[in-house]
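Text of the file final11.pdb, holding PDB, C-alpha atoms, pLDDT in the B column:
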ATOM      1  CA  LYS A  22     109.132 185.231 169.632  1.00 85.00           C
ATOM      2  CA  THR A  23     106.439 187.526 168.300  1.00 87.00           C
ATOM      3  CA  GLN A  24     105.971 191.276 167.886  1.00 90.00           C
ATOM      4  CA  TYR A  25     102.981 193.166 169.306  1.00 92.00           C
ATOM      5  CA  HIS A  26     102.525 196.954 169.385  1.00 93.00           C
ATOM      6  CA  GLY A  27     106.136 197.366 168.310  1.00 91.00           C
ATOM      7  CA  LYS A  28     107.551 195.268 171.185  1.00 89.00           C
ATOM      8  CA  TRP A  29     109.033 191.767 171.020  1.00 87.00           C
ATOM      9  CA  TYR A  30     107.691 189.034 173.305  1.00 85.00           C
ATOM     10  CA  ASP A  31     109.356 185.697 174.009  1.00 81.00           C
ATOM     11  CA  LEU A  32     106.481 183.330 174.789  1.00 80.00           C
ATOM     12  CA  PRO A  33     106.393 179.766 176.085  1.00 80.00           C
ATOM     13  CA  LEU A  34     104.512 177.242 173.955  1.00 83.00           C
ATOM     14  CA  GLU A  35     102.384 174.350 175.209  1.00 84.00           C
ATOM     15  CA  PRO A  36     103.544 170.924 173.934  1.00 83.00           C
ATOM     16  CA  ASP A  37     100.896 168.375 172.967  1.00 87.00           C
ATOM     17  CA  LYS A  38     102.932 165.610 174.695  1.00 84.00           C
ATOM     18  CA  GLU A  39     105.426 165.719 177.517  1.00 78.00           C
ATOM     19  CA  ALA A  40     106.534 162.090 177.355  1.00 78.00           C
ATOM     20  CA  ALA A  41     110.252 161.388 177.093  1.00 79.00           C
ATOM     21  CA  PHE A  42     111.584 159.911 173.856  1.00 77.00           C
ATOM     22  CA  ALA A  43     114.696 158.070 172.737  1.00 76.00           C
ATOM     23  CA  THR A  44     116.939 160.325 170.671  1.00 78.00           C
ATOM     24  CA  ALA A  45     117.657 157.492 168.208  1.00 78.00           C
ATOM     25  CA  ASP A  46     113.934 157.203 167.401  1.00 77.00           C
ATOM     26  CA  GLY A  47     113.152 160.917 167.398  1.00 80.00           C
ATOM     27  CA  ALA A  48     109.748 162.372 168.193  1.00 85.00           C
ATOM     28  CA  ILE A  49     107.135 164.742 166.892  1.00 86.00           C
ATOM     29  CA  ARG A  50     105.770 167.466 169.142  1.00 86.00           C
ATOM     30  CA  ASN A  51     103.147 170.024 168.234  1.00 91.00           C
ATOM     31  CA  PHE A  52     103.112 173.303 170.123  1.00 89.00           C
ATOM     32  CA  THR A  53     100.264 175.713 170.815  1.00 88.00           C
ATOM     33  CA  LEU A  54     100.507 179.379 171.776  1.00 89.00           C
ATOM     34  CA  ARG A  55      98.467 179.969 174.941  1.00 89.00           C
ATOM     35  CA  LEU A  56      97.815 183.414 176.357  1.00 90.00           C
ATOM     36  CA  ALA A  57      96.481 182.194 179.706  1.00 90.00           C
ATOM     37  CA  GLY A  58      96.165 179.059 181.768  1.00 89.00           C
ATOM     38  CA  GLU A  59      98.491 176.883 183.804  1.00 87.00           C
ATOM     39  CA  THR A  60     101.773 175.733 182.284  1.00 83.00           C
ATOM     40  CA  PRO A  61     102.709 172.026 182.475  1.00 77.00           C
ATOM     41  CA  GLY A  62     105.599 172.758 184.869  1.00 76.00           C
ATOM     42  CA  GLY A  63     103.543 175.056 187.106  1.00 81.00           C
ATOM     43  CA  GLY A  64     103.081 178.771 186.656  1.00 82.00           C
ATOM     44  CA  HIS A  65     100.911 180.525 184.071  1.00 85.00           C
ATOM     45  CA  TYR A  66     101.069 181.495 180.417  1.00 87.00           C
ATOM     46  CA  GLY A  67      99.392 184.839 181.095  1.00 89.00           C
ATOM     47  CA  GLY A  68     101.071 187.958 182.409  1.00 90.00           C
ATOM     48  CA  TYR A  69     101.045 189.712 185.755  1.00 90.00           C
ATOM     49  CA  VAL A  70      99.482 193.089 186.457  1.00 93.00           C
ATOM     50  CA  TYR A  71     101.115 194.672 189.496  1.00 92.00           C
ATOM     51  CA  THR A  72      99.182 197.301 191.425  1.00 92.00           C
ATOM     52  CA  TYR A  73     100.826 199.789 193.754  1.00 91.00           C
ATOM     53  CA  TYR A  74      98.680 201.396 196.423  1.00 89.00           C
ATOM     54  CA  SER A  75      98.965 205.120 196.909  1.00 88.00           C
ATOM     55  CA  GLU A  76      97.418 207.097 199.730  1.00 84.00           C
ATOM     56  CA  HIS A  77      97.425 210.165 197.460  1.00 83.00           C
ATOM     57  CA  GLY A  78      93.662 210.509 198.042  1.00 85.00           C
ATOM     58  CA  GLY A  79      93.465 208.938 201.507  1.00 88.00           C
ATOM     59  CA  SER A  80      93.799 205.486 203.030  1.00 88.00           C
ATOM     60  CA  TYR A  81      91.682 202.496 202.017  1.00 90.00           C
ATOM     61  CA  ASP A  82      91.575 198.688 202.186  1.00 90.00           C
ATOM     62  CA  PRO A  83      93.381 197.338 199.059  1.00 89.00           C
ATOM     63  CA  ASP A  84      91.381 194.097 199.282  1.00 90.00           C
ATOM     64  CA  ARG A  85      88.203 196.082 198.485  1.00 93.00           C
ATOM     65  CA  VAL A  86      89.447 197.483 195.137  1.00 94.00           C
ATOM     66  CA  GLU A  87      87.775 196.064 192.019  1.00 94.00           C
ATOM     67  CA  TYR A  88      89.701 196.386 188.752  1.00 95.00           C
ATOM     68  CA  THR A  89      88.198 196.291 185.281  1.00 96.00           C
ATOM     69  CA  LEU A  90      90.546 195.521 182.379  1.00 97.00           C
ATOM     70  CA  THR A  91      88.952 196.135 178.984  1.00 98.00           C
ATOM     71  CA  PRO A  92      90.903 194.939 175.935  1.00 98.00           C
ATOM     72  CA  ASP A  93      92.021 197.822 173.719  1.00 97.00           C
ATOM     73  CA  GLY A  94      92.173 195.993 170.388  1.00 96.00           C
ATOM     74  CA  PRO A  95      93.138 192.387 169.686  1.00 97.00           C
ATOM     75  CA  LEU A  96      95.307 190.408 172.096  1.00 95.00           C
ATOM     76  CA  LEU A  97      98.873 189.343 171.287  1.00 93.00           C
ATOM     77  CA  ASP A  98      97.714 186.325 169.234  1.00 92.00           C
ATOM     78  CA  GLY A  99      95.170 188.396 167.266  1.00 94.00           C
ATOM     79  CA  SER A 100      92.167 187.041 169.172  1.00 95.00           C
ATOM     80  CA  THR A 101      89.434 189.157 170.730  1.00 96.00           C
ATOM     81  CA  GLY A 102      89.925 189.472 174.477  1.00 96.00           C
ATOM     82  CA  GLN A 103      87.291 189.585 177.182  1.00 96.00           C
ATOM     83  CA  THR A 104      86.759 192.211 179.854  1.00 97.00           C
ATOM     84  CA  ILE A 105      88.267 191.093 183.154  1.00 95.00           C
ATOM     85  CA  LYS A 106      86.884 192.140 186.543  1.00 94.00           C
ATOM     86  CA  ALA A 107      89.043 191.174 189.490  1.00 91.00           C
ATOM     87  CA  PHE A 108      89.989 191.994 193.054  1.00 87.00           C
ATOM     88  CA  ASP A 109      93.654 192.085 193.950  1.00 74.00           C
ATOM     89  CA  GLY A 110      94.488 191.257 197.528  1.00 69.00           C
ATOM     90  CA  SER A 111      98.064 190.225 196.722  1.00 70.00           C
ATOM     91  CA  ASP A 112      99.363 193.250 194.761  1.00 74.00           C
ATOM     92  CA  ALA A 113      99.153 191.398 191.428  1.00 83.00           C
ATOM     93  CA  LEU A 114      96.546 190.023 189.069  1.00 89.00           C
ATOM     94  CA  HIS A 115      97.830 186.694 187.740  1.00 88.00           C
ATOM     95  CA  ASP A 116      97.432 184.934 184.399  1.00 91.00           C
ATOM     96  CA  VAL A 117      96.073 187.910 182.433  1.00 94.00           C
ATOM     97  CA  PRO A 118      96.138 187.244 178.648  1.00 95.00           C
ATOM     98  CA  VAL A 119      98.879 189.407 177.130  1.00 93.00           C
ATOM     99  CA  GLY A 120      97.437 192.410 175.326  1.00 94.00           C
ATOM    100  CA  GLN A 121      96.733 196.088 175.715  1.00 97.00           C
ATOM    101  CA  TYR A 122      94.010 197.046 178.191  1.00 97.00           C
ATOM    102  CA  VAL A 123      92.206 200.136 179.436  1.00 98.00           C
ATOM    103  CA  VAL A 124      92.067 199.797 183.226  1.00 97.00           C
ATOM    104  CA  THR A 125      89.627 201.381 185.654  1.00 97.00           C
ATOM    105  CA  ALA A 126      89.159 200.744 189.363  1.00 96.00           C
ATOM    106  CA  ARG A 127      86.590 201.369 192.045  1.00 95.00           C
ATOM    107  CA  TYR A 128      86.685 201.068 195.783  1.00 94.00           C
ATOM    108  CA  LEU A 129      83.906 198.998 197.349  1.00 94.00           C
ATOM    109  CA  PRO A 130      83.984 199.787 201.073  1.00 92.00           C
ATOM    110  CA  THR A 131      81.985 197.509 203.350  1.00 90.00           C
ATOM    111  CA  ASP A 132      80.210 200.492 204.876  1.00 87.00           C
ATOM    112  CA  GLY A 133      79.328 202.763 201.952  1.00 82.00           C
ATOM    113  CA  LEU A 134      78.852 203.361 198.253  1.00 90.00           C
ATOM    114  CA  ALA A 135      81.299 202.395 195.532  1.00 92.00           C
ATOM    115  CA  GLN A 136      83.860 205.100 194.790  1.00 92.00           C
ATOM    116  CA  PRO A 137      85.729 205.528 191.498  1.00 92.00           C
ATOM    117  CA  MET A 138      89.505 205.495 191.852  1.00 95.00           C
ATOM    118  CA  LEU A 139      92.388 207.143 190.030  1.00 96.00           C
ATOM    119  CA  LEU A 140      95.214 205.315 188.256  1.00 96.00           C
ATOM    120  CA  ALA A 141      98.646 206.315 187.022  1.00 95.00           C
ATOM    121  CA  GLN A 142     101.657 204.688 185.448  1.00 93.00           C
ATOM    122  CA  SER A 143     105.163 205.889 186.173  1.00 88.00           C
ATOM    123  CA  GLY A 144     105.505 209.547 185.207  1.00 84.00           C
ATOM    124  CA  GLU A 145     101.777 210.037 184.501  1.00 90.00           C
ATOM    125  CA  GLU A 146      99.230 212.161 186.289  1.00 93.00           C
ATOM    126  CA  TYR A 147      96.424 210.277 188.073  1.00 94.00           C
ATOM    127  CA  SER A 148      93.278 209.876 185.955  1.00 96.00           C
ATOM    128  CA  PRO A 149      90.087 207.747 185.972  1.00 97.00           C
ATOM    129  CA  SER A 150      91.706 205.194 183.623  1.00 97.00           C
ATOM    130  CA  THR A 151      95.066 204.161 182.240  1.00 97.00           C
ATOM    131  CA  THR A 152      96.074 202.069 179.244  1.00 96.00           C
ATOM    132  CA  ILE A 153      98.523 199.284 180.009  1.00 96.00           C
ATOM    133  CA  LEU A 154     100.674 197.264 177.626  1.00 95.00           C
ATOM    134  CA  PHE A 155     102.603 194.271 178.903  1.00 92.00           C
ATOM    135  CA  ARG A 156     106.373 194.330 178.772  1.00 88.00           C
ATOM    136  CA  GLU A 157     109.004 191.680 179.343  1.00 82.00           C
ATOM    137  CA  ALA A 158     111.409 191.294 182.210  1.00 73.00           C
ATOM    138  CA  VAL A 159     113.327 188.169 183.106  1.00 66.00           C
ATOM    139  CA  GLU A 160     112.142 188.074 186.705  1.00 63.00           C
ATOM    140  CA  HIS A 161     108.476 188.823 185.875  1.00 58.00           C
ATOM    141  CA  ARG A 162     108.036 187.294 182.392  1.00 76.00           C
ATOM    142  CA  ASN A 163     105.296 189.547 180.927  1.00 88.00           C
ATOM    143  CA  PHE A 164     103.970 192.231 183.229  1.00 91.00           C
ATOM    144  CA  ALA A 165     102.276 195.606 183.428  1.00 93.00           C
ATOM    145  CA  ASP A 166     101.954 197.900 186.432  1.00 93.00           C
ATOM    146  CA  PHE A 167     100.302 201.061 187.712  1.00 94.00           C
ATOM    147  CA  SER A 168      99.429 202.921 190.907  1.00 93.00           C
ATOM    148  CA  VAL A 169      95.923 203.307 192.277  1.00 94.00           C
ATOM    149  CA  SER A 170      94.521 205.968 194.602  1.00 94.00           C
ATOM    150  CA  LEU A 171      91.241 207.250 195.987  1.00 94.00           C
ATOM    151  CA  VAL A 172      90.014 210.496 194.496  1.00 92.00           C
ATOM    152  CA  PRO A 173      91.299 213.251 196.825  1.00 86.00           C
ATOM    153  CA  LYS A 174      88.588 215.053 198.734  1.00 80.00           C
ATOM    154  CA  PRO A 175      88.340 218.784 198.001  1.00 73.00           C
TER     155      PRO A 175
END

What would you get if you wrote out this structure as structure tokens?
Amino acid sequence: KTQYHGKWYDLPLEPDKEAAFATADGAIRNFTLRLAGETPGGGHYGGYVYTYYSEHGGSYDPDRVEYTLTPDGPLLDGSTGQTIKAFDGSDALHDVPVGQYVVTARYLPTDGLAQPMLLAQSGEEYSPSTTILFREAVEHRNFADFSVSLVPKP
């Protein structure tokens, strides 16, 4: 368990060995905190970023939306994060290192110029960017979410 931006996170640790051991003999295991990557049992250490598509500004192909996540300060383990650019055809970006990010999006239609998009979290007004902070939920482990929309035409 660790605290980040005033919230508590319960994180899985990666063991250096997975071999079974006899309880009479004991064993030594060293654990490493990982913010991303595949877990030994399947799954990922990183969090999920769920995107909800809004037709607030018109309809569009969600597979053509490019997201940019820029770290807003150090990540959960104190390290410096990297900017992530990703497309999300499945409604979620997977294995994102847990941290706080400023998110922007743009629509890249096959037949035109890139268009900036608007983002909003629950209860917010749409704007060109939003700042996300992961939170915990049993069914999602660590996740963040927001809605995305085209800019409405005047």

Select from range 49-154 of chain A every residue with an atom at most 7 Å from any atom of range 32-43 of chain A, then for each give the shortest pair of atoms and their distance in Å to one decimal, using all atoms listed in the file, rows by chain and rising number, as a Markdown table.
| residue | atom | partner | partner_atom | distance |
| --- | --- | --- | --- | --- |
| A:Arg50 | CA | A:Asp37 | CA | 6.3 |
| A:Asn51 | CA | A:Asp37 | CA | 5.5 |
| A:Phe52 | CA | A:Pro36 | CA | 4.5 |
| A:Thr53 | CA | A:Glu35 | CA | 5.1 |
| A:Leu54 | CA | A:Leu34 | CA | 5.0 |
| A:Arg55 | CA | A:Leu34 | CA | 6.7 |

query: So which one's closest to Gly99 in chain A, A:Pro118, A:Pro175, A:Gly62, A:Pro83? Using only C-alpha atoms, please.
result: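 Among the listed residues, the smallest separation from Gly99 in chain A belongs to A:Pro118.
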
- request: Name the residues that the PyMOL selection byres ((chain A and resi 66) around 7) pulls out of this structure, and write them as a PyMOL selection string.
  value: chain A and resi 55-60+65+67-68+116

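Residues in contact with Leu154 in chain A at up to 7 Å, not including ones fewer than 4 positions away on its chain and judged by all atoms listed in the file, are Gly120, Gln121, Tyr122 and Ala165 of chain A.
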
- request: Compute the distance from (102.0, 196.9, 168.2) to each atom, counting only C-alpha atoms, keep the residues with any atom at most 12 Å away, and return them as a count of residues only; use the coordinates of the file.
  value: 20

field: Residue neighbourhood Leu171 in chain A, 10 Å, all atoms listed in the file, exclusion window fewer than 3 positions, as a ChimeraX atom specification
entry: /A:74-81,86,126-128,136-140,147,174

message: Calculated over all atoms listed in the file, which of the candidates A:Ala107, A:Thr131, A:Ile153, A:Ala48 has the smallest distance to Pro92 in chain A?
response: A:Ile153

- request: Record the distance separating CA of Val70 in chain A and CA of Thr125 in chain A, expressed in Å with one decimal.
  value: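 Here the two named atoms are 12.9 Å from each other.
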
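CA of Ser150 in chain A sits 10.9 Å away from CA of Ser168 in chain A.
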
message: Which polymer residues, whether protein, DNA or RNA, lie within 7 Å of the coordinate (103.1, 189.4, 185.9) when you count all atoms listed in the file? List them as a list in words, using the chain letters and numbers from the file.
response: Gly68, Tyr69, Val70, Tyr71, His115, His161, Arg162, Asn163, Phe164 and Ala165 of chain A

message: Under the PyMOL selection byres ((chain A and resi 90) around 8), which residues of this model are included? Write them out as a PyMOL selection string.
response: chain A and resi 88-89+91-92+104-106+122-125

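Taking CA of Gly47 in chain A and CA of Pro61 in chain A as the two end points, the separation is 21.4 Å.
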
Using the file's own x, y and z axes, so that the box edges lie along x, y and z, what centre and edge lengths in Å (one decimal) does a box around every listed atom of range 141-158 of chain A get when 3 Å is added on each side? Give it as JSON.
{"center_x": 100.7, "center_y": 201.7, "center_z": 182.8, "size_x": 27.3, "size_y": 26.9, "size_z": 16.4}

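Between Lys22 in chain A and the residues A:Thr72, A:Glu157, A:Thr101, A:Val169, the shortest atom-to-atom distance, using only C-alpha atoms, involves A:Glu157.
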
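Using only C-alpha atoms, the smallest distance between any of A:Thr152, A:Ala45, A:Val117, A:Gln142 and Asp166 in chain A comes from A:Gln142.
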